[in-house]
file structure.txt (compact mmCIF, C-alpha atoms)
# COMPACT_ATOMS: atom_id res chain seq x y z
CA MET A 241 0.00 0.00 0.00
CA SER A 242 1.33 3.46 -0.86
CA THR A 243 1.46 5.75 2.15
CA ALA A 244 -0.34 9.10 1.90
CA PRO A 245 1.32 11.92 3.86
CA GLY A 246 -1.61 12.15 6.30
CA VAL A 247 -1.27 8.53 7.42
CA SER A 248 1.38 9.59 9.92
CA ARG A 249 -1.42 11.38 11.81
CA LEU A 250 -3.43 8.18 12.21
CA GLY A 251 -3.19 5.72 15.07
CA ILE A 252 -4.74 2.32 15.75
CA GLY A 253 -6.79 1.62 18.87
CA LEU A 254 -7.40 -1.93 20.09
CA ALA A 255 -10.66 -1.48 22.02
CA ALA A 256 -12.68 -3.54 19.53
CA ILE A 257 -10.34 -6.52 19.20
CA GLY A 258 -8.78 -7.03 22.62
CA ARG A 259 -11.92 -8.60 24.14
CA PRO A 260 -14.89 -10.56 22.79
CA ALA A 261 -17.67 -8.03 23.51
CA TYR A 262 -17.79 -4.31 22.87
CA LEU A 263 -20.40 -1.68 22.01
CA THR A 264 -19.31 -1.01 18.41
CA ALA A 265 -21.92 -1.75 15.75
CA GLY A 266 -21.45 -4.64 13.30
CA ARG A 267 -19.49 -7.01 15.51
CA GLU A 268 -21.47 -10.06 14.41
CA ARG A 269 -20.54 -9.22 10.83
CA ASP A 270 -16.91 -8.44 11.66
CA LEU A 271 -16.12 -11.15 14.22
CA GLY A 272 -18.93 -13.70 14.04
CA GLY A 273 -18.18 -16.55 16.40
CA HIS A 274 -14.41 -16.17 16.11
CA ARG A 275 -13.86 -14.61 19.52
CA SER A 276 -11.62 -16.99 21.43
CA VAL A 277 -8.41 -15.66 22.91
CA ALA A 278 -6.48 -17.29 20.07
CA ASP A 279 -8.85 -15.82 17.46
CA LEU A 280 -8.58 -12.27 18.76
CA ARG A 281 -4.84 -12.54 19.27
CA ALA A 282 -4.44 -13.52 15.61
CA ARG A 283 -6.82 -10.76 14.53
CA THR A 284 -4.97 -8.15 16.56
CA LEU A 285 -1.63 -9.19 15.10
CA ALA A 286 -3.06 -9.00 11.57
CA VAL A 287 -4.58 -5.55 12.15
CA LEU A 288 -1.33 -4.27 13.66
CA ASP A 289 0.59 -5.64 10.66
CA ALA A 290 -1.78 -3.82 8.30
CA ALA A 291 -1.52 -0.63 10.34
CA TYR A 292 2.27 -0.65 10.43
CA ASP A 293 2.53 -1.49 6.73
CA ALA A 294 0.24 1.47 5.99
CA GLY A 295 2.47 3.87 7.92
CA ILE A 296 0.66 4.07 11.27
CA ARG A 297 3.04 4.55 14.19
CA TYR A 298 0.80 5.21 17.22
CA LEU A 299 -0.58 2.08 18.92
CA ASP A 300 -3.25 2.43 21.62
CA ALA A 301 -4.39 -0.08 24.26
CA ALA A 302 -5.81 -0.09 27.81
CA ARG A 303 -5.93 -2.31 30.85
CA SER A 304 -9.69 -2.74 30.34
CA TYR A 305 -9.40 -3.83 26.71
CA GLY A 306 -9.33 -7.49 27.68
CA ARG A 307 -5.94 -8.81 26.56
CA ALA A 308 -5.09 -5.92 24.25
CA GLU A 309 -1.85 -5.07 26.06
CA GLU A 310 -0.80 -8.72 25.92
CA PHE A 311 -1.59 -8.95 22.20
CA LEU A 312 0.25 -5.71 21.52
CA ALA A 313 3.27 -6.97 23.43
CA ALA A 314 3.22 -10.15 21.33
CA TRP A 315 3.26 -8.06 18.15
CA LEU A 316 6.16 -5.97 19.44
CA ALA A 317 8.08 -9.11 20.39
CA ALA A 318 7.53 -10.49 16.89
CA HIS A 319 8.99 -7.27 15.43
CA PRO A 320 12.11 -6.66 17.52
CA ASP A 321 13.55 -4.24 14.97
CA VAL A 322 10.53 -1.93 15.10
CA ASP A 323 11.67 1.10 17.06
CA ASP A 324 9.61 3.85 15.45
CA VAL A 325 6.23 3.32 17.13
CA ILE A 326 4.75 5.12 20.12
CA VAL A 327 2.88 2.82 22.48
CA GLY A 328 0.08 4.26 24.58
CA SER A 329 -2.12 2.58 27.15
CA LYS A 330 -4.62 3.54 29.82
CA TRP A 331 -5.42 2.67 33.40
CA GLY A 332 -8.51 3.33 35.52
CA TYR A 333 -10.86 0.56 34.37
CA ARG A 334 -10.47 -3.13 35.17
CA TYR A 335 -11.70 -5.70 32.68
CA VAL A 336 -14.05 -8.02 34.59
CA GLY A 337 -15.94 -9.61 31.71
CA ASP A 338 -14.06 -12.94 32.07
CA TRP A 339 -14.14 -13.34 28.27
CA ARG A 340 -17.92 -13.82 28.40
CA MET A 341 -20.34 -12.32 25.91
CA ASP A 342 -23.14 -12.38 28.48
CA ALA A 343 -21.26 -10.71 31.33
CA ALA A 344 -23.48 -8.35 33.27
CA VAL A 345 -20.53 -5.97 33.72
CA HIS A 346 -17.50 -5.83 31.44
CA GLU A 347 -15.37 -3.20 33.15
CA VAL A 348 -15.17 -1.43 36.51
CA LYS A 349 -13.87 2.11 37.00
CA ASP A 350 -11.45 3.07 39.78
CA HIS A 351 -9.26 6.19 39.65
CA SER A 352 -7.72 5.80 43.09
CA PRO A 353 -3.95 5.95 43.69
CA ALA A 354 -4.07 2.28 44.68
CA ALA A 355 -5.68 1.36 41.37
CA PHE A 356 -3.00 3.30 39.52
CA ARG A 357 -0.19 1.53 41.35
CA THR A 358 -1.73 -1.89 40.72
CA GLN A 359 -2.52 -1.30 37.07
CA TYR A 360 0.75 0.41 36.23
CA ALA A 361 2.61 -2.61 37.62
CA GLN A 362 0.47 -4.84 35.38
CA THR A 363 1.05 -2.67 32.32
CA ARG A 364 4.77 -2.45 32.97
CA ALA A 365 4.95 -6.24 33.35
CA VAL A 366 3.41 -6.66 29.90
CA LEU A 367 4.72 -3.72 27.87
CA GLY A 368 7.94 -3.01 29.75
CA ARG A 369 9.88 0.00 28.55
CA ARG A 370 7.88 0.21 25.34
CA LEU A 371 5.17 2.17 27.18
CA GLY A 372 5.45 5.77 26.05
CA VAL A 373 2.11 7.31 27.05
CA TYR A 374 -0.13 6.40 30.00
CA HIS A 375 -3.62 7.90 30.18
CA VAL A 376 -6.13 8.04 32.99
CA HIS A 377 -9.02 6.19 31.35
CA SER A 378 -12.15 8.35 31.01
CA ALA A 379 -11.34 11.02 33.56
CA THR A 380 -14.36 13.14 34.46
CA MET A 381 -15.00 16.04 36.78
CA THR A 382 -16.37 13.60 39.36
CA SER A 383 -14.07 10.56 38.99
CA GLY A 384 -11.43 12.02 41.33
CA ALA A 385 -8.46 11.75 39.00
CA LEU A 386 -8.34 15.47 38.24
CA ASP A 387 -8.28 16.60 41.88
CA ASP A 388 -6.31 13.97 43.82
CA PRO A 389 -2.89 15.30 44.93
CA VAL A 390 -1.69 11.85 46.00
CA LEU A 391 -2.48 10.46 42.57
CA HIS A 392 -0.92 13.47 40.87
CA ARG A 393 2.32 12.95 42.79
CA ALA A 394 2.47 9.31 41.73
CA LEU A 395 1.75 10.22 38.10
CA ALA A 396 4.40 12.95 38.20
CA ASP A 397 6.96 10.41 39.39
CA LEU A 398 6.18 8.30 36.33
CA ARG A 399 6.35 11.41 34.12
CA ASP A 400 9.78 12.18 35.53
CA HIS A 401 10.91 8.69 34.47
CA GLY A 402 10.09 9.43 30.83
CA VAL A 403 6.47 8.32 30.35
CA ARG A 404 4.10 10.97 29.00
CA ILE A 405 1.05 11.29 31.26
CA GLY A 406 -2.41 12.01 29.91
CA VAL A 407 -6.14 11.65 30.31
CA SER A 408 -8.81 10.23 28.10
CA THR A 409 -12.28 11.73 28.34
CA SER A 410 -15.85 10.65 27.66
CA GLY A 411 -19.31 12.07 28.27
CA PRO A 412 -21.09 15.36 27.68
CA ASP A 413 -18.73 17.28 29.99
CA GLN A 414 -15.52 16.37 28.17
CA ALA A 415 -14.58 20.01 27.63
CA ASP A 416 -14.65 20.72 31.37
CA ALA A 417 -12.47 17.68 32.07
CA VAL A 418 -9.94 18.67 29.41
CA ARG A 419 -9.66 22.20 30.76
CA ARG A 420 -9.31 20.97 34.34
CA ALA A 421 -6.56 18.54 33.27
CA LEU A 422 -4.63 21.39 31.65
CA GLU A 423 -4.62 23.25 34.97
CA VAL A 424 -2.78 20.52 36.87
CA VAL A 425 0.85 21.49 37.40
CA ILE A 426 3.31 19.44 39.46
CA ASP A 427 6.83 20.69 40.22
CA GLY A 428 6.33 23.59 37.86
CA GLU A 429 5.45 21.40 34.86
CA PRO A 430 2.06 20.45 33.37
CA LEU A 431 1.14 16.93 34.43
CA PHE A 432 -1.26 15.95 31.66
CA THR A 433 0.33 16.53 28.26
CA SER A 434 -1.65 13.98 26.24
CA ILE A 435 -5.40 14.35 25.83
CA GLN A 436 -7.46 11.57 24.22
CA SER A 437 -11.07 12.60 23.64
CA THR A 438 -14.11 11.65 21.63
CA TRP A 439 -14.69 13.92 18.65
CA ASN A 440 -16.64 13.09 15.52
CA VAL A 441 -18.99 14.87 13.16
CA LEU A 442 -21.93 13.95 15.40
CA GLU A 443 -20.26 15.04 18.68
CA THR A 444 -17.96 18.06 18.41
CA SER A 445 -18.54 19.65 21.81
CA ALA A 446 -14.96 19.08 23.03
CA GLY A 447 -13.45 20.76 19.98
CA PRO A 448 -12.73 24.21 21.47
CA ALA A 449 -11.17 22.70 24.60
CA LEU A 450 -9.05 20.37 22.47
CA ALA A 451 -7.83 23.34 20.46
CA GLU A 452 -6.84 24.98 23.75
CA ALA A 453 -5.01 21.81 24.78
CA ALA A 454 -3.02 21.74 21.55
CA ALA A 455 -2.21 25.44 21.89
CA ALA A 456 -0.92 24.72 25.41
CA GLY A 457 1.47 22.11 24.01
CA ALA A 458 -0.49 18.92 24.74
CA ARG A 459 -0.81 16.16 22.16
CA VAL A 460 -4.46 15.66 21.23
CA ILE A 461 -5.64 12.20 20.20
CA VAL A 462 -9.10 11.81 18.68
CA LYS A 463 -11.01 8.63 19.53
CA GLU A 464 -14.38 7.20 18.48
CA VAL A 465 -14.15 9.13 15.23
CA VAL A 466 -16.68 6.82 13.55
CA ALA A 467 -18.99 7.06 16.57
CA ASN A 468 -18.72 3.40 17.61
CA GLY A 469 -19.69 2.31 14.12
CA ARG A 470 -22.51 4.77 13.48
CA LEU A 471 -20.32 6.44 10.86
CA ALA A 472 -19.03 3.21 9.34
CA PRO A 473 -20.46 1.23 6.44
CA GLY A 474 -23.46 -0.78 7.63
CA GLY A 475 -23.39 0.57 11.16
CA ALA A 476 -25.78 3.52 11.11
CA ASP A 477 -28.72 3.80 13.50
CA GLY A 478 -30.71 5.66 10.86
CA THR A 479 -30.76 9.16 12.33
CA PRO A 480 -31.18 12.14 9.98
CA SER A 481 -27.59 13.25 10.60
CA GLU A 482 -26.24 9.79 9.83
CA ARG A 483 -28.25 9.61 6.62
CA ARG A 484 -26.96 12.98 5.47
CA VAL A 485 -23.34 12.05 6.26
CA ALA A 486 -23.83 8.89 4.19
CA GLU A 487 -25.30 10.92 1.32
CA LEU A 488 -22.35 13.29 1.37
CA SER A 489 -19.90 10.39 1.31
CA GLN A 490 -21.70 8.92 -1.70
CA GLN A 491 -21.53 12.25 -3.50
CA LEU A 492 -17.78 12.32 -2.90
CA HIS A 493 -17.41 8.64 -3.92
CA ILE A 494 -15.77 7.71 -0.63
CA GLY A 495 -16.76 5.53 2.30
CA VAL A 496 -18.64 7.10 5.18
CA ASP A 497 -15.77 6.06 7.46
CA GLN A 498 -13.35 7.91 5.21
CA LEU A 499 -15.45 11.07 5.35
CA ALA A 500 -15.64 10.87 9.15
CA ILE A 501 -11.91 10.32 9.54
CA ALA A 502 -11.04 13.02 6.99
CA ALA A 503 -13.17 15.48 8.97
CA ALA A 504 -11.17 14.69 12.10
CA LEU A 505 -7.84 14.92 10.28
CA ALA A 506 -8.90 18.38 9.08
CA GLN A 507 -8.87 19.64 12.67
CA PRO A 508 -5.52 21.43 13.09
CA TRP A 509 -5.36 20.55 16.78
CA ALA A 510 -5.51 16.77 16.21
CA TRP A 511 -2.10 15.14 16.73
CA ARG A 512 -3.42 11.63 16.04
CA VAL A 513 -6.80 10.29 14.91
CA LEU A 514 -7.45 6.71 16.00
CA SER A 515 -8.82 4.01 13.77
CA GLY A 516 -10.75 1.45 15.79
CA ALA A 517 -10.75 -1.10 12.97
CA ALA A 518 -11.77 -4.65 13.82
CA THR A 519 -10.51 -6.09 10.53
CA SER A 520 -7.57 -5.46 8.25
CA GLU A 521 -10.02 -4.48 5.50
CA GLN A 522 -11.57 -1.82 7.73
CA LEU A 523 -8.09 -0.57 8.58
CA ARG A 524 -7.18 -0.20 4.93
CA SER A 525 -10.45 1.65 4.27
CA ASN A 526 -9.80 3.98 7.20
CA VAL A 527 -6.28 4.71 5.95
CA ARG A 528 -7.61 5.91 2.61
CA ALA A 529 -9.12 8.86 4.48
CA ALA A 530 -5.63 10.33 4.69
CA SER A 531 -5.85 11.12 0.98
CA VAL A 532 -9.28 12.78 1.22
CA HIS A 533 -9.56 16.57 1.10
CA LEU A 534 -13.09 17.64 1.96
CA PRO A 535 -14.59 20.50 -0.06
CA THR A 536 -15.28 23.62 1.97
CA ALA A 537 -19.02 23.30 1.40
CA VAL A 538 -19.02 19.74 2.73
CA SER A 539 -17.08 20.71 5.85
CA ALA A 540 -19.51 23.56 6.44
CA GLU A 541 -22.51 21.26 6.13
CA LEU A 542 -20.97 18.67 8.44
CA ALA A 543 -20.78 21.35 11.09
CA THR A 544 -24.57 21.60 10.99
CA LEU A 545 -25.12 17.88 11.58
CA THR A 546 -23.94 17.65 15.17
CA GLU A 547 -26.18 16.25 17.88
CA PRO A 548 -26.58 17.79 21.35
CA ALA A 549 -23.82 16.31 23.49
CA THR A 550 -26.21 15.04 26.16
CA ALA A 551 -28.36 13.26 23.58
CA TYR A 552 -25.32 11.75 21.87
CA TRP A 553 -23.94 10.31 25.09
CA GLU A 554 -27.32 9.08 26.29
CA ALA A 555 -27.71 7.17 23.02
CA ARG A 556 -24.20 5.76 23.38
CA SER A 557 -24.95 4.58 26.92
CA ARG A 558 -27.90 2.58 25.59
CA ARG A 559 -25.79 0.63 23.10
CA SER A 560 -25.50 -3.03 24.03
CA TRP A 561 -22.21 -4.90 24.15
CA SER A 562 -22.16 -7.61 21.49

call {"tool": "encode", "arguments": {"input": "structure.txt", "output": "structure tokens"}}
result
Amino acid sequence: MSTAPGVSRLGIGLAAIGRPAYLTAGRERDLGGHRSVADLRARTLAVLDAAYDAGIRYLDAARSYGRAEEFLAAWLAAHPDVDDVIVGSKWGYRYVGDWRMDAAVHEVKDHSPAAFRTQYAQTRAVLGRRLGVYHVHSATMTSGALDDPVLHRALADLRDHGVRIGVSTSGPDQADAVRRALEVVIDGEPLFTSIQSTWNVLETSAGPALAEAAAAGARVIVKEVVANGRLAPGGADGTPSERRVAELSQQLHIGVDQLAIAAALAQPWAWRVLSGAATSEQLRSNVRAASVHLPTAVSAELATLTEPATAYWEARSRRSWS
């Protein structure tokens, strides 16, 4: 595959392939019954191969993504000469789904200093010195992670040993969480210098705060750019905004995923835009977005298709894990 210049601004996230159940649309089509540990290990290795071959150099996992860190470590071990990737992971949720599709609860949130110490030890045991970025997973104004001096001291100690510290955000109050994270300074230096937030053409509310983060020197990573499959082929819920995005993609003769990713890449504050591909074919489709330049009129219309943040996140919370 030829590498378009914009591919270097893409990353690959492993949320959809590190565990058997997730809330992304189309999983029966993408995974079917092939969800054993061995199946998803092989799938993850194949997707990472496709991503690296395409020019992607940011790799994203989390403690709560089932065995994603383990699978990523296996890929790194199989490519000992690869030294040009940045590896990011997240702590703050524990995976408790026990590899069951019918688990009542798949992950449990805990942003305490004790949880950080436990999960960092687990991450370090798997990824070793390859870990370059460590995010608090889904920090909110009420989760405690943005206001806990004991936690901040522990995170600063890790920062001072060369790991970039960040937060990921979710929910209708993302902008508030981003701005609060930017205010945290330890020993005269900003603590959180990587911000991973949801932004897509249906949910743009964090955009101004993310622009502020980039202006302050933080790296901004965009996640859920295809809205958990709503902006991917075959994954729409049928809302008016989704239908119009699909119509615009057809007019441009590109996939709806490519339009969604191109819109995110067009944001000057975005350091990386994550693909959440569950198959190598999806990954290759996502990568083609790097060659898409959206007409001004299309970008302007996309800006009119956003949903109220509260409504967007309420709809997301109702999505079932499958």

call {"tool": "closest_atom_pairs", "arguments": {"input": "structure.txt", "of": "range 416-521 of chain A", "to": "range 311-330 of chain A", "cutoff": "12 Å", "atoms": "only C-alpha atoms", "output": "CSV"}}
result
residue,atom,partner,partner_atom,distance
A:Ser434,CA,A:Gly328,CA,10.0
A:Ile435,CA,A:Lys330,CA,11.5
A:Gln436,CA,A:Lys330,CA,10.2
A:Ile461,CA,A:Gly328,CA,10.7
A:Arg512,CA,A:Ile326,CA,11.2
A:Leu514,CA,A:Gly328,CA,11.7

call {"tool": "write_last_selection", "arguments": {"input": "structure.txt", "atoms": "C-alpha atoms", "output": "PDB file, keeping the file's coordinate frame"}}
result
ATOM      1  CA  SER A 434      -1.650  13.980  26.240  1.00  0.00           C
ATOM      2  CA  ILE A 435      -5.400  14.350  25.830  1.00  0.00           C
ATOM      3  CA  GLN A 436      -7.460  11.570  24.220  1.00  0.00           C
ATOM      4  CA  ILE A 461      -5.640  12.200  20.200  1.00  0.00           C
ATOM      5  CA  ARG A 512      -3.420  11.630  16.040  1.00  0.00           C
ATOM      6  CA  LEU A 514      -7.450   6.710  16.000  1.00  0.00           C
TER       7      LEU A 514
END

call {"tool": "closest_residue", "arguments": {"input": "structure.txt", "among": "A:Ala344, A:Thr380, A:Leu422, A:Ser525", "to": "Pro473 in chain A", "atoms": "all atoms listed in the file"}}
result
A:Ser525

call {"tool": "closest_residue", "arguments": {"input": "structure.txt", "among": "A:Pro508, A:Gly253, A:Gly295, A:Pro389", "to": "Ile426 in chain A", "atoms": "all atoms listed in the file"}}
result
A:Pro389

call {"tool": "closest_residue", "arguments": {"input": "structure.txt", "among": "A:Glu541, A:Asp416, A:Glu521, A:Asp342", "to": "Ala291 in chain A", "atoms": "all atoms listed in the file"}}
result
A:Glu521

call {"tool": "atom_distance", "arguments": {"input": "structure.txt", "atom1": "CA of Ala458 in chain A", "atom2": "CA of Val407 in chain A"}}
result
10.8 Å

call {"tool": "residues_near_point", "arguments": {"input": "structure.txt", "point": "(-25.1, -11.3, 25.1)", "cutoff": "12 Å", "atoms": "all atoms listed in the file", "output": "list in words"}}
result
Pro260, Ala261, Tyr262, Leu263, Arg267, Glu268, Gly337, Trp339, Arg340, Met341, Asp342, Ala343, Ala344, Val345, His346, Ser560, Trp561 and Ser562 of chain A

call {"tool": "residues_around", "arguments": {"input": "structure.txt", "residues": "range 256-259 of chain A", "least_positions_apart": "6", "cutoff": "12 Å", "atoms": "all atoms listed in the file", "output": "JSON, numbers by chain"}}
result
{"A": [265, 266, 267, 270, 271, 274, 275, 276, 277, 278, 279, 280, 281, 282, 283, 284, 285, 286, 287, 288, 300, 301, 302, 303, 304, 305, 306, 307, 308, 309, 310, 311, 312, 335, 336, 337, 338, 339, 340, 341, 343, 346, 347, 464, 468, 469, 515, 516, 517, 518, 519, 520, 522, 561, 562]}

call {"tool": "closest_residue", "arguments": {"input": "structure.txt", "among": "A:Leu545, A:Ala415, A:Val348, A:Leu431", "to": "Ser445 in chain A", "atoms": "all atoms listed in the file"}}
result
A:Ala415

call {"tool": "closest_residue", "arguments": {"input": "structure.txt", "among": "A:Leu391, A:Asp397, A:Thr382, A:Val425", "to": "Thr409 in chain A", "atoms": "all atoms listed in the file"}}
result
A:Thr382

call {"tool": "residues_around", "arguments": {"input": "structure.txt", "residues": "Arg249 in chain A", "least_positions_apart": "3", "cutoff": "7 Å", "atoms": "all atoms listed in the file", "output": "VMD selection string"}}
result
chain A and resid 246 511 to 513

call {"tool": "write_last_selection", "arguments": {"input": "structure.txt", "atoms": "C-alpha atoms", "output": "short mmCIF file (atom, residue, chain, number, x, y, z; two decimals), in the frame of the given file"}}
result
data_model
loop_
_atom_site.label_atom_id
_atom_site.label_comp_id
_atom_site.auth_asym_id
_atom_site.auth_seq_id
_atom_site.Cartn_x
_atom_site.Cartn_y
_atom_site.Cartn_z
CA GLY A 246 -1.61 12.15 6.30
CA TRP A 511 -2.10 15.14 16.73
CA ARG A 512 -3.42 11.63 16.04
CA VAL A 513 -6.80 10.29 14.91
#

call {"tool": "closest_residue", "arguments": {"input": "structure.txt", "among": "A:Thr438, A:Gln498, A:Gln359, A:Ser557", "to": "His533 in chain A", "atoms": "only C-alpha atoms"}}
result
A:Gln498

call {"tool": "residues_around", "arguments": {"input": "structure.txt", "residues": "Val390 in chain A", "least_positions_apart": "6", "cutoff": "12 Å", "atoms": "all atoms listed in the file", "output": "ChimeraX atom specification"}}
result
/A:351-354,356-357,384,396-397,426

call {"tool": "residues_near_point", "arguments": {"input": "structure.txt", "point": "(5.2, 9.1, 36.7)", "cutoff": "10 Å", "atoms": "all atoms listed in the file", "output": "CSV table (one decimal) with C-alpha atoms, in the frame of the given file"}}
result
chain,number,residue,atom,x,y,z
A,360,TYR,CA,0.8,0.4,36.2
A,374,TYR,CA,-0.1,6.4,30.0
A,391,LEU,CA,-2.5,10.5,42.6
A,392,HIS,CA,-0.9,13.5,40.9
A,393,ARG,CA,2.3,13.0,42.8
A,394,ALA,CA,2.5,9.3,41.7
A,395,LEU,CA,1.8,10.2,38.1
A,396,ALA,CA,4.4,13.0,38.2
A,397,ASP,CA,7.0,10.4,39.4
A,398,LEU,CA,6.2,8.3,36.3
A,399,ARG,CA,6.4,11.4,34.1
A,400,ASP,CA,9.8,12.2,35.5
A,401,HIS,CA,10.9,8.7,34.5
A,402,GLY,CA,10.1,9.4,30.8
A,403,VAL,CA,6.5,8.3,30.4
A,404,ARG,CA,4.1,11.0,29.0
A,405,ILE,CA,1.0,11.3,31.3
A,431,LEU,CA,1.1,16.9,34.4

call {"tool": "atom_distance", "arguments": {"input": "structure.txt", "atom1": "CA of Gly457 in chain A", "atom2": "CA of Val366 in chain A"}}
result
29.4 Å

call {"tool": "build_atoms", "arguments": {"input": "structure.txt", "residues": "range 536-555 of chain A", "atoms": "N, CA and C atoms", "output": "mmCIF file, in the frame of the given file"}}
result
data_model
loop_
_atom_site.group_PDB
_atom_site.id
_atom_site.type_symbol
_atom_site.label_atom_id
_atom_site.label_comp_id
_atom_site.auth_asym_id
_atom_site.auth_seq_id
_atom_site.Cartn_x
_atom_site.Cartn_y
_atom_site.Cartn_z
ATOM 1 N N THR A 536 -14.868 22.675 0.943
ATOM 2 C CA THR A 536 -15.280 23.620 1.970
ATOM 3 C C THR A 536 -16.772 23.526 2.261
ATOM 4 N N ALA A 537 -17.569 23.363 1.206
ATOM 5 C CA ALA A 537 -19.020 23.300 1.400
ATOM 6 C C ALA A 537 -19.413 22.060 2.196
ATOM 7 N N VAL A 538 -18.715 20.956 1.975
ATOM 8 C CA VAL A 538 -19.020 19.740 2.730
ATOM 9 C C VAL A 538 -18.647 19.918 4.195
ATOM 10 N N SER A 539 -17.483 20.475 4.461
ATOM 11 C CA SER A 539 -17.080 20.710 5.850
ATOM 12 C C SER A 539 -18.074 21.620 6.556
ATOM 13 N N ALA A 540 -18.540 22.640 5.843
ATOM 14 C CA ALA A 540 -19.510 23.560 6.440
ATOM 15 C C ALA A 540 -20.818 22.847 6.752
ATOM 16 N N GLU A 541 -21.259 21.967 5.859
ATOM 17 C CA GLU A 541 -22.510 21.260 6.130
ATOM 18 C C GLU A 541 -22.340 20.262 7.273
ATOM 19 N N LEU A 542 -21.197 19.601 7.336
ATOM 20 C CA LEU A 542 -20.970 18.670 8.440
ATOM 21 C C LEU A 542 -21.100 19.361 9.780
ATOM 22 N N ALA A 543 -20.699 20.609 9.838
ATOM 23 C CA ALA A 543 -20.780 21.350 11.090
ATOM 24 C C ALA A 543 -22.206 21.593 11.543
ATOM 25 N N THR A 544 -23.163 21.419 10.637
ATOM 26 C CA THR A 544 -24.570 21.600 10.990
ATOM 27 C C THR A 544 -25.237 20.300 11.418
ATOM 28 N N LEU A 545 -24.521 19.197 11.341
ATOM 29 C CA LEU A 545 -25.120 17.880 11.580
ATOM 30 C C LEU A 545 -24.847 17.335 12.971
ATOM 31 N N THR A 546 -24.251 18.134 13.828
ATOM 32 C CA THR A 546 -23.940 17.650 15.170
ATOM 33 C C THR A 546 -25.196 17.432 15.997
ATOM 34 N N GLU A 547 -25.095 16.526 16.940
ATOM 35 C CA GLU A 547 -26.180 16.250 17.880
ATOM 36 C C GLU A 547 -25.861 16.927 19.216
ATOM 37 N N PRO A 548 -26.867 17.283 20.002
ATOM 38 C CA PRO A 548 -26.580 17.790 21.350
ATOM 39 C C PRO A 548 -25.745 16.761 22.125
ATOM 40 N N ALA A 549 -24.730 17.233 22.816
ATOM 41 C CA ALA A 549 -23.820 16.310 23.490
ATOM 42 C C ALA A 549 -24.547 15.366 24.441
ATOM 43 N N THR A 550 -25.490 15.883 25.206
ATOM 44 C CA THR A 550 -26.210 15.040 26.160
ATOM 45 C C THR A 550 -26.970 13.933 25.444
ATOM 46 N N ALA A 551 -27.613 14.268 24.338
ATOM 47 C CA ALA A 551 -28.360 13.260 23.580
ATOM 48 C C ALA A 551 -27.422 12.227 22.979
ATOM 49 N N TYR A 552 -26.291 12.679 22.460
ATOM 50 C CA TYR A 552 -25.320 11.750 21.870
ATOM 51 C C TYR A 552 -24.861 10.732 22.906
ATOM 52 N N TRP A 553 -24.491 11.218 24.085
ATOM 53 C CA TRP A 553 -23.940 10.310 25.090
ATOM 54 C C TRP A 553 -25.020 9.438 25.725
ATOM 55 N N GLU A 554 -26.239 9.935 25.815
ATOM 56 C CA GLU A 554 -27.320 9.080 26.290
ATOM 57 C C GLU A 554 -27.565 7.935 25.317
ATOM 58 N N ALA A 555 -27.534 8.235 24.024
ATOM 59 C CA ALA A 555 -27.710 7.170 23.020
ATOM 60 C C ALA A 555 -26.557 6.178 23.088
#
